[in-house]
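For reference, query-v5.pdb (PDB, C-alpha atoms, pLDDT in the B column):
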ATOM      1  CA  MET A  29      25.517  11.689 -23.874  1.00 40.00           C
ATOM      2  CA  ASN A  30      22.702  10.417 -21.695  1.00 60.00           C
ATOM      3  CA  ASP A  31      19.622  12.631 -21.965  1.00 77.00           C
ATOM      4  CA  LEU A  32      17.178  10.039 -20.649  1.00 83.00           C
ATOM      5  CA  LEU A  33      14.567  11.421 -18.284  1.00 88.00           C
ATOM      6  CA  PHE A  34      14.883  10.425 -14.641  1.00 91.00           C
ATOM      7  CA  ASP A  35      12.573  12.153 -12.192  1.00 93.00           C
ATOM      8  CA  PHE A  36      12.464  11.072  -8.543  1.00 93.00           C
ATOM      9  CA  THR A  37      10.063  13.015  -6.304  1.00 94.00           C
ATOM     10  CA  VAL A  38       9.249  12.353  -2.645  1.00 93.00           C
ATOM     11  CA  ASP A  39       5.914  13.632  -1.308  1.00 95.00           C
ATOM     12  CA  LYS A  40       5.951  13.077   2.456  1.00 93.00           C
ATOM     13  CA  ALA A  41       2.495  14.626   2.905  1.00 94.00           C
ATOM     14  CA  LYS A  42       1.000  11.870   0.718  1.00 96.00           C
ATOM     15  CA  LYS A  43       3.520   9.179   1.795  1.00 95.00           C
ATOM     16  CA  THR A  44       4.410   8.621  -1.856  1.00 96.00           C
ATOM     17  CA  VAL A  45       7.423   8.503  -4.124  1.00 95.00           C
ATOM     18  CA  HIS A  46       6.907   9.289  -7.820  1.00 96.00           C
ATOM     19  CA  ILE A  47       9.503   8.015 -10.277  1.00 96.00           C
ATOM     20  CA  THR A  48       9.630   8.488 -14.036  1.00 97.00           C
ATOM     21  CA  ARG A  49      12.496   6.885 -15.949  1.00 96.00           C
ATOM     22  CA  GLU A  50      13.147   6.657 -19.688  1.00 95.00           C
ATOM     23  CA  PHE A  51      15.089   3.841 -21.319  1.00 95.00           C
ATOM     24  CA  ASP A  52      16.522   3.666 -24.818  1.00 92.00           C
ATOM     25  CA  ALA A  53      15.266   0.101 -25.142  1.00 93.00           C
ATOM     26  CA  ASP A  54      12.443  -1.940 -26.585  1.00 93.00           C
ATOM     27  CA  PRO A  55       9.269  -1.749 -24.428  1.00 94.00           C
ATOM     28  CA  GLY A  56       8.934  -5.540 -24.334  1.00 94.00           C
ATOM     29  CA  LEU A  57      12.483  -5.913 -23.057  1.00 95.00           C
ATOM     30  CA  VAL A  58      11.977  -3.264 -20.364  1.00 96.00           C
ATOM     31  CA  TRP A  59       8.754  -5.021 -19.288  1.00 97.00           C
ATOM     32  CA  ASP A  60      10.631  -8.327 -19.078  1.00 96.00           C
ATOM     33  CA  ALA A  61      13.358  -6.685 -16.985  1.00 97.00           C
ATOM     34  CA  PHE A  62      10.753  -5.802 -14.341  1.00 98.00           C
ATOM     35  CA  THR A  63       8.762  -9.047 -14.521  1.00 98.00           C
ATOM     36  CA  LYS A  64      11.231 -11.925 -15.001  1.00 97.00           C
ATOM     37  CA  ALA A  65      13.362 -13.085 -12.078  1.00 97.00           C
ATOM     38  CA  GLU A  66      16.392 -13.998 -14.197  1.00 96.00           C
ATOM     39  CA  ILE A  67      16.636 -10.386 -15.421  1.00 96.00           C
ATOM     40  CA  LEU A  68      15.485  -8.676 -12.192  1.00 96.00           C
ATOM     41  CA  ASP A  69      18.236 -10.399 -10.223  1.00 97.00           C
ATOM     42  CA  GLN A  70      20.849  -8.879 -12.551  1.00 96.00           C
ATOM     43  CA  TRP A  71      19.981  -5.246 -11.808  1.00 97.00           C
ATOM     44  CA  VAL A  72      17.593  -4.587  -8.944  1.00 96.00           C
ATOM     45  CA  ALA A  73      20.163  -4.610  -6.106  1.00 95.00           C
ATOM     46  CA  PRO A  74      22.399  -1.545  -5.818  1.00 92.00           C
ATOM     47  CA  LYS A  75      26.033  -2.622  -6.176  1.00 91.00           C
ATOM     48  CA  PRO A  76      27.882  -4.160  -4.408  1.00 93.00           C
ATOM     49  CA  TRP A  77      24.717  -5.918  -3.182  1.00 94.00           C
ATOM     50  CA  THR A  78      23.120  -8.665  -5.286  1.00 96.00           C
ATOM     51  CA  ALA A  79      19.556  -9.938  -5.576  1.00 97.00           C
ATOM     52  CA  ARG A  80      18.478 -13.552  -5.323  1.00 97.00           C
ATOM     53  CA  THR A  81      14.910 -14.601  -6.119  1.00 98.00           C
ATOM     54  CA  LYS A  82      13.730 -17.716  -4.318  1.00 98.00           C
ATOM     55  CA  VAL A  83      10.172 -17.738  -5.743  1.00 97.00           C
ATOM     56  CA  MET A  84       8.556 -15.721  -8.526  1.00 98.00           C
ATOM     57  CA  ASP A  85       5.045 -16.299  -9.801  1.00 98.00           C
ATOM     58  CA  PHE A  86       4.176 -13.241 -11.898  1.00 98.00           C
ATOM     59  CA  ARG A  87       0.382 -13.412 -12.015  1.00 98.00           C
ATOM     60  CA  VAL A  88      -2.425 -11.694 -10.137  1.00 98.00           C
ATOM     61  CA  GLY A  89      -2.358 -13.285  -6.683  1.00 98.00           C
ATOM     62  CA  GLY A  90       1.194 -14.554  -7.232  1.00 98.00           C
ATOM     63  CA  ARG A  91       4.315 -13.417  -5.444  1.00 98.00           C
ATOM     64  CA  ARG A  92       8.036 -12.858  -5.611  1.00 98.00           C
ATOM     65  CA  PHE A  93      10.091 -13.783  -2.538  1.00 98.00           C
ATOM     66  CA  TYR A  94      13.645 -12.534  -2.800  1.00 98.00           C
ATOM     67  CA  ALA A  95      16.647 -11.306  -0.884  1.00 98.00           C
ATOM     68  CA  MET A  96      19.042  -8.434  -1.293  1.00 95.00           C
ATOM     69  CA  VAL A  97      22.407  -9.886  -0.300  1.00 97.00           C
ATOM     70  CA  SER A  98      25.308  -7.790   0.985  1.00 95.00           C
ATOM     71  CA  PRO A  99      28.919  -8.564   0.006  1.00 96.00           C
ATOM     72  CA  GLU A 100      29.293 -10.085   3.509  1.00 97.00           C
ATOM     73  CA  GLY A 101      26.334 -12.406   2.918  1.00 96.00           C
ATOM     74  CA  HIS A 102      23.734 -10.499   4.989  1.00 96.00           C
ATOM     75  CA  GLU A 103      20.261 -11.128   3.527  1.00 97.00           C
ATOM     76  CA  ARG A 104      17.378  -8.628   3.554  1.00 95.00           C
ATOM     77  CA  TRP A 105      14.256 -10.534   2.433  1.00 97.00           C
ATOM     78  CA  ALA A 106      11.096  -9.096   0.888  1.00 97.00           C
ATOM     79  CA  ILE A 107       7.770 -10.324  -0.468  1.00 98.00           C
ATOM     80  CA  GLN A 108       6.035  -8.783  -3.452  1.00 98.00           C
ATOM     81  CA  LYS A 109       2.390  -9.760  -3.989  1.00 98.00           C
ATOM     82  CA  TYR A 110       1.014  -9.030  -7.456  1.00 98.00           C
ATOM     83  CA  LEU A 111      -2.335  -7.233  -7.264  1.00 98.00           C
ATOM     84  CA  ALA A 112      -3.030  -6.297 -10.910  1.00 98.00           C
ATOM     85  CA  ILE A 113      -1.375  -7.030 -14.256  1.00 98.00           C
ATOM     86  CA  ASN A 114      -2.139  -5.649 -17.699  1.00 98.00           C
ATOM     87  CA  PRO A 115       0.571  -7.298 -19.835  1.00 96.00           C
ATOM     88  CA  LYS A 116       3.240  -5.004 -21.269  1.00 96.00           C
ATOM     89  CA  THR A 117       1.630  -1.800 -19.908  1.00 97.00           C
ATOM     90  CA  HIS A 118       0.897  -1.964 -16.161  1.00 98.00           C
ATOM     91  CA  PHE A 119       1.244  -3.919 -12.959  1.00 98.00           C
ATOM     92  CA  LYS A 120       0.666  -3.236  -9.295  1.00 98.00           C
ATOM     93  CA  MET A 121       2.194  -5.015  -6.334  1.00 98.00           C
ATOM     94  CA  PHE A 122       2.381  -4.843  -2.570  1.00 98.00           C
ATOM     95  CA  ASN A 123       5.934  -4.963  -1.195  1.00 96.00           C
ATOM     96  CA  VAL A 124       6.859  -5.803   2.393  1.00 96.00           C
ATOM     97  CA  PHE A 125      10.070  -6.769   4.153  1.00 94.00           C
ATOM     98  CA  ALA A 126      10.099 -10.254   5.671  1.00 97.00           C
ATOM     99  CA  ASP A 127      12.342 -12.748   7.390  1.00 97.00           C
ATOM    100  CA  LYS A 128      13.895 -15.740   5.609  1.00 97.00           C
ATOM    101  CA  ASP A 129      10.778 -17.807   6.429  1.00 97.00           C
ATOM    102  CA  GLU A 130       8.418 -15.346   4.674  1.00 96.00           C
ATOM    103  CA  ASN A 131       7.020 -13.830   7.860  1.00 97.00           C
ATOM    104  CA  PRO A 132       6.184 -10.249   6.802  1.00 96.00           C
ATOM    105  CA  GLU A 133       6.833  -7.071   8.753  1.00 93.00           C
ATOM    106  CA  PRO A 134       3.663  -5.187   9.748  1.00 90.00           C
ATOM    107  CA  LEU A 135       3.815  -2.364   7.172  1.00 92.00           C
ATOM    108  CA  GLY A 136       4.640  -2.235   3.491  1.00 95.00           C
ATOM    109  CA  SER A 137       4.127  -0.210   0.346  1.00 96.00           C
ATOM    110  CA  GLU A 138       2.070  -0.449  -2.830  1.00 97.00           C
ATOM    111  CA  TRP A 139       3.984  -0.036  -6.091  1.00 98.00           C
ATOM    112  CA  ASP A 140       2.113   0.952  -9.248  1.00 98.00           C
ATOM    113  CA  TYR A 141       4.094   0.572 -12.509  1.00 98.00           C
ATOM    114  CA  THR A 142       3.064   1.958 -15.907  1.00 98.00           C
ATOM    115  CA  PHE A 143       5.011   1.284 -19.115  1.00 98.00           C
ATOM    116  CA  SER A 144       4.617   3.335 -22.294  1.00 97.00           C
ATOM    117  CA  GLU A 145       6.522   4.430 -25.356  1.00 95.00           C
ATOM    118  CA  HIS A 146       7.263   8.103 -26.072  1.00 92.00           C
ATOM    119  CA  ASN A 147       9.467   9.505 -28.830  1.00 89.00           C
ATOM    120  CA  GLY A 148      11.015   6.106 -29.460  1.00 89.00           C
ATOM    121  CA  ARG A 149      11.879   5.505 -25.816  1.00 93.00           C
ATOM    122  CA  THR A 150      10.304   3.336 -23.173  1.00 96.00           C
ATOM    123  CA  VAL A 151       8.951   5.307 -20.218  1.00 97.00           C
ATOM    124  CA  VAL A 152       8.422   3.637 -16.847  1.00 97.00           C
ATOM    125  CA  ARG A 153       6.345   5.489 -14.266  1.00 98.00           C
ATOM    126  CA  ILE A 154       6.278   4.182 -10.709  1.00 98.00           C
ATOM    127  CA  VAL A 155       4.171   5.453  -7.833  1.00 98.00           C
ATOM    128  CA  ILE A 156       5.073   4.021  -4.428  1.00 97.00           C
ATOM    129  CA  TYR A 157       2.504   4.522  -1.675  1.00 97.00           C
ATOM    130  CA  ASN A 158       3.743   3.755   1.846  1.00 95.00           C
ATOM    131  CA  GLU A 159       1.341   2.548   4.516  1.00 93.00           C
ATOM    132  CA  SER A 160       2.948   4.895   7.045  1.00 93.00           C
ATOM    133  CA  LEU A 161       5.104   8.008   7.013  1.00 93.00           C
ATOM    134  CA  GLU A 162       7.403   6.303   9.533  1.00 92.00           C
ATOM    135  CA  ARG A 163       8.054   3.427   7.112  1.00 90.00           C
ATOM    136  CA  MET A 164       8.708   5.855   4.281  1.00 92.00           C
ATOM    137  CA  GLU A 165      11.141   7.895   6.382  1.00 93.00           C
ATOM    138  CA  MET A 166      12.912   4.692   7.483  1.00 89.00           C
ATOM    139  CA  MET A 167      13.335   3.674   3.830  1.00 89.00           C
ATOM    140  CA  LEU A 168      14.744   7.086   2.938  1.00 91.00           C
ATOM    141  CA  LYS A 169      17.184   6.922   5.875  1.00 91.00           C
ATOM    142  CA  MET A 170      18.284   3.453   4.731  1.00 87.00           C
ATOM    143  CA  GLY A 171      19.366   5.025   1.430  1.00 89.00           C
ATOM    144  CA  PHE A 172      16.384   4.147  -0.760  1.00 92.00           C
ATOM    145  CA  THR A 173      16.814   7.178  -3.034  1.00 92.00           C
ATOM    146  CA  GLU A 174      20.493   6.526  -3.771  1.00 92.00           C
ATOM    147  CA  GLY A 175      19.991   2.770  -3.981  1.00 92.00           C
ATOM    148  CA  PHE A 176      17.092   3.093  -6.417  1.00 93.00           C
ATOM    149  CA  LYS A 177      19.076   5.438  -8.640  1.00 92.00           C
ATOM    150  CA  MET A 178      21.961   2.950  -8.641  1.00 94.00           C
ATOM    151  CA  SER A 179      19.538   0.152  -9.573  1.00 95.00           C
ATOM    152  CA  MET A 180      18.249   2.189 -12.519  1.00 94.00           C
ATOM    153  CA  ARG A 181      21.837   2.615 -13.785  1.00 93.00           C
ATOM    154  CA  ASN A 182      22.323  -1.145 -13.370  1.00 95.00           C
ATOM    155  CA  LEU A 183      19.153  -1.725 -15.397  1.00 96.00           C
ATOM    156  CA  GLU A 184      20.378   0.549 -18.175  1.00 93.00           C
ATOM    157  CA  ASP A 185      23.600  -1.505 -18.354  1.00 94.00           C
ATOM    158  CA  VAL A 186      21.701  -4.819 -18.369  1.00 95.00           C
ATOM    159  CA  LEU A 187      19.363  -3.615 -21.125  1.00 94.00           C
ATOM    160  CA  ALA A 188      22.356  -2.600 -23.247  1.00 92.00           C
ATOM    161  CA  MET A 189      24.035  -5.951 -22.588  1.00 92.00           C
ATOM    162  CA  ILE A 190      21.003  -8.054 -23.584  1.00 88.00           C
ATOM    163  CA  GLY A 191      20.164  -6.022 -26.653  1.00 78.00           C
ATOM    164  CA  GLY A 192      18.100  -3.204 -25.291  1.00 49.00           C
ATOM    165  CA  ARG A 193      19.681  -0.270 -27.088  1.00 49.00           C
ATOM    166  CA  LYS A 194      17.808   0.683 -30.215  1.00 50.00           C
ATOM    167  CA  GLY A 195      19.751   1.039 -33.423  1.00 42.00           C
ATOM    168  CA  VAL A 196      22.686  -1.081 -32.233  1.00 38.00           C
TER     169      VAL A 196
END
Will you turn the file into structure tokens for me?
Amino acid sequence: MNDLLFDFTVDKAKKTVHITREFDADPGLVWDAFTKAEILDQWVAPKPWTARTKVMDFRVGGRRFYAMVSPEGHERWAIQKYLAINPKTHFKMFNVFADKDENPEPLGSEWDYTFSEHNGRTVVRIVIYNESLERMEMMLKMGFTEGFKMSMRNLEDVLAMIGGRKGV
């Protein structure tokens, strides 16, 4: 039985998405899953898509440049610039779509991640602020909600596979 909290709330008036997700995994492992390319690439793309990181420099001022790749080989590139990092508890980044040469699209979103432990579980809270309502609505039409939920299920599987389940 999976009784892990998963709350996904869209607030169009504030151009934000609020996500809270619990994991039955060690906080350090969950942090690593969000901050290390070799783990991120295993779960972040909703299946049957895959993720491929070309560059990842997880430090304030650093960036991740990666692609979501469709089964047919279509690549959707994005840049994440790291704005703030408090190891193991918080990081903030700016995310924007780009072409394969790292030329960004005009508008993006700021993602604010907080990691904590509650009742023996790791809780990840994410607030996504979009620079425009139009961008946010485009993301929702592209299937962001369903895709993100699929990614969270992928992450749960990866955490279990690499030793994330407590008491196992």
Taking (12.1, -18.7, 4.4) in the file's coordinates as the center, which residues reach within 9 Å of it, counting only C-alpha atoms, put as number ranges by chain? A: 82, 93, 105, 126-131
Check the smallest atom-to-atom distance from each of A:Arg91, A:His118, A:Lys177, A:Lys169 to Pro55 in chain A using only C-alpha atoms, then report the winner.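 For Pro55 in chain A, the nearest of the candidates is A:His118.
The spacing separating CA of Trp59 in chain A from CA of Val45 in chain A amounts to 20.4 Å.
From CA of Arg80 in chain A back to CA of Arg104 in chain A, the distance works out to 10.2 Å.
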Report as JSON the centre and the edge lengths, in Å to one decimal, of the axis-aligned box holding every listed atom of range 114-125 of chain A, padded by 8 Å on each side.
{"center_x": 4.0, "center_y": -4.5, "center_z": -8.6, "size_x": 28.2, "size_y": 21.5, "size_z": 41.4}
Explicit residue set for the PyMOL selection byres ((chain A and resi 98-102) around 10), as a count of residues only: 13
Within 12 Å of (4.1, 4.1, -17.3) (coordinates as in the file), grab all the protein and nucleic acid residues, counting all atoms listed in the file, and write them out as a ChimeraX atom specification. /A:46-51,55,58-59,114,116-120,139-146,149-155
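Nearest to Glu162 in chain A of all the residues A:Asn147, A:Thr81, A:Ser179, A:Ser137 is A:Ser137, based on all atoms listed in the file.
Interatomic distance, CA of Phe125 in chain A to CA of Leu57 in chain A: 27.3 Å.
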Could you tell me which residues the PyMOL selection byres ((chain A and resi 107) around 6) returns for this structure, as a compact mmCIF listing (two decimals) with C-alpha atoms, in the frame of the given file?
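New file expr07.txt:
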# COMPACT_ATOMS: atom_id res chain seq x y z
CA ARG A 92 8.04 -12.86 -5.61
CA PHE A 93 10.09 -13.78 -2.54
CA ALA A 106 11.10 -9.10 0.89
CA GLN A 108 6.04 -8.78 -3.45
CA ASN A 123 5.93 -4.96 -1.20
CA VAL A 124 6.86 -5.80 2.39
The residue from A:Ala61, A:Phe36, A:Glu184, A:Ala41 with the smallest atom-to-atom distance to Phe172 in chain A, counting all atoms listed in the file, is A:Phe36
On this file, the PyMOL selection byres ((chain A and resi 110) around 6) gives some set of residues; write that set as a list in words.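 This file, filtered by the PyMOL selection byres ((chain A and resi 110) around 6), leaves Val88, Gly89, Gly90, Arg91, Lys109, Leu111, Ala112 and Met121 of chain A.
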Give the answer as one residue: which of A:Glu174, A:Glu133, A:Glu165, A:Asp185 has the shortest atom-to-atom distance to Asp39 in chain A, using all atoms listed in the file? A:Glu165
Please, can range 139-158 of chain A be completed to N, CA and C atoms and returned as a PDB file, keeping the file's coordinate frame?
ATOM      1  N   TRP A 139       3.237  -0.540  -4.942  1.00 98.00           N
ATOM      2  CA  TRP A 139       3.984  -0.036  -6.091  1.00 98.00           C
ATOM      3  C   TRP A 139       3.110  -0.173  -7.324  1.00 98.00           C
ATOM      4  N   ASP A 140       2.938   0.920  -8.051  1.00 98.00           N
ATOM      5  CA  ASP A 140       2.113   0.952  -9.248  1.00 98.00           C
ATOM      6  C   ASP A 140       3.005   1.330 -10.437  1.00 98.00           C
ATOM      7  N   TYR A 141       3.193   0.396 -11.364  1.00 98.00           N
ATOM      8  CA  TYR A 141       4.094   0.572 -12.509  1.00 98.00           C
ATOM      9  C   TYR A 141       3.285   0.760 -13.789  1.00 98.00           C
ATOM     10  N   THR A 142       3.662   1.745 -14.598  1.00 98.00           N
ATOM     11  CA  THR A 142       3.064   1.958 -15.907  1.00 98.00           C
ATOM     12  C   THR A 142       4.178   2.050 -16.942  1.00 98.00           C
ATOM     13  N   PHE A 143       4.020   1.329 -18.042  1.00 98.00           N
ATOM     14  CA  PHE A 143       5.011   1.284 -19.115  1.00 98.00           C
ATOM     15  C   PHE A 143       4.387   1.864 -20.379  1.00 98.00           C
ATOM     16  N   SER A 144       5.115   2.762 -21.046  1.00 97.00           N
ATOM     17  CA  SER A 144       4.617   3.335 -22.294  1.00 97.00           C
ATOM     18  C   SER A 144       5.801   3.663 -23.203  1.00 97.00           C
ATOM     19  N   GLU A 145       5.478   4.032 -24.421  1.00 95.00           N
ATOM     20  CA  GLU A 145       6.522   4.430 -25.356  1.00 95.00           C
ATOM     21  C   GLU A 145       6.282   5.883 -25.724  1.00 95.00           C
ATOM     22  N   HIS A 146       7.363   6.676 -25.756  1.00 92.00           N
ATOM     23  CA  HIS A 146       7.263   8.103 -26.072  1.00 92.00           C
ATOM     24  C   HIS A 146       8.522   8.521 -26.823  1.00 92.00           C
ATOM     25  N   ASN A 147       8.333   9.055 -28.002  1.00 89.00           N
ATOM     26  CA  ASN A 147       9.467   9.505 -28.830  1.00 89.00           C
ATOM     27  C   ASN A 147      10.529   8.430 -29.003  1.00 89.00           C
ATOM     28  N   GLY A 148      10.082   7.191 -29.208  1.00 89.00           N
ATOM     29  CA  GLY A 148      11.015   6.106 -29.460  1.00 89.00           C
ATOM     30  C   GLY A 148      11.706   5.554 -28.226  1.00 89.00           C
ATOM     31  N   ARG A 149      11.293   5.998 -27.071  1.00 93.00           N
ATOM     32  CA  ARG A 149      11.879   5.505 -25.816  1.00 93.00           C
ATOM     33  C   ARG A 149      10.798   4.852 -24.973  1.00 93.00           C
ATOM     34  N   THR A 150      11.233   3.963 -24.105  1.00 96.00           N
ATOM     35  CA  THR A 150      10.304   3.336 -23.173  1.00 96.00           C
ATOM     36  C   THR A 150      10.301   4.146 -21.887  1.00 96.00           C
ATOM     37  N   VAL A 151       9.109   4.513 -21.433  1.00 97.00           N
ATOM     38  CA  VAL A 151       8.951   5.307 -20.218  1.00 97.00           C
ATOM     39  C   VAL A 151       8.309   4.425 -19.151  1.00 97.00           C
ATOM     40  N   VAL A 152       8.961   4.374 -17.990  1.00 97.00           N
ATOM     41  CA  VAL A 152       8.422   3.637 -16.847  1.00 97.00           C
ATOM     42  C   VAL A 152       8.064   4.657 -15.775  1.00 97.00           C
ATOM     43  N   ARG A 153       6.802   4.623 -15.357  1.00 98.00           N
ATOM     44  CA  ARG A 153       6.345   5.489 -14.266  1.00 98.00           C
ATOM     45  C   ARG A 153       6.002   4.588 -13.081  1.00 98.00           C
ATOM     46  N   ILE A 154       6.508   4.974 -11.922  1.00 98.00           N
ATOM     47  CA  ILE A 154       6.278   4.182 -10.709  1.00 98.00           C
ATOM     48  C   ILE A 154       5.763   5.116  -9.625  1.00 98.00           C
ATOM     49  N   VAL A 155       4.674   4.730  -8.998  1.00 98.00           N
ATOM     50  CA  VAL A 155       4.171   5.453  -7.833  1.00 98.00           C
ATOM     51  C   VAL A 155       4.228   4.471  -6.672  1.00 98.00           C
ATOM     52  N   ILE A 156       4.926   4.866  -5.617  1.00 97.00           N
ATOM     53  CA  ILE A 156       5.073   4.021  -4.428  1.00 97.00           C
ATOM     54  C   ILE A 156       4.315   4.687  -3.287  1.00 97.00           C
ATOM     55  N   TYR A 157       3.289   4.012  -2.791  1.00 97.00           N
ATOM     56  CA  TYR A 157       2.504   4.522  -1.675  1.00 97.00           C
ATOM     57  C   TYR A 157       2.860   3.717  -0.427  1.00 97.00           C
ATOM     58  N   ASN A 158       3.353   4.397   0.588  1.00 95.00           N
ATOM     59  CA  ASN A 158       3.743   3.755   1.846  1.00 95.00           C
ATOM     60  C   ASN A 158       2.582   3.761   2.827  1.00 95.00           C
TER      61      ASN A 158
END
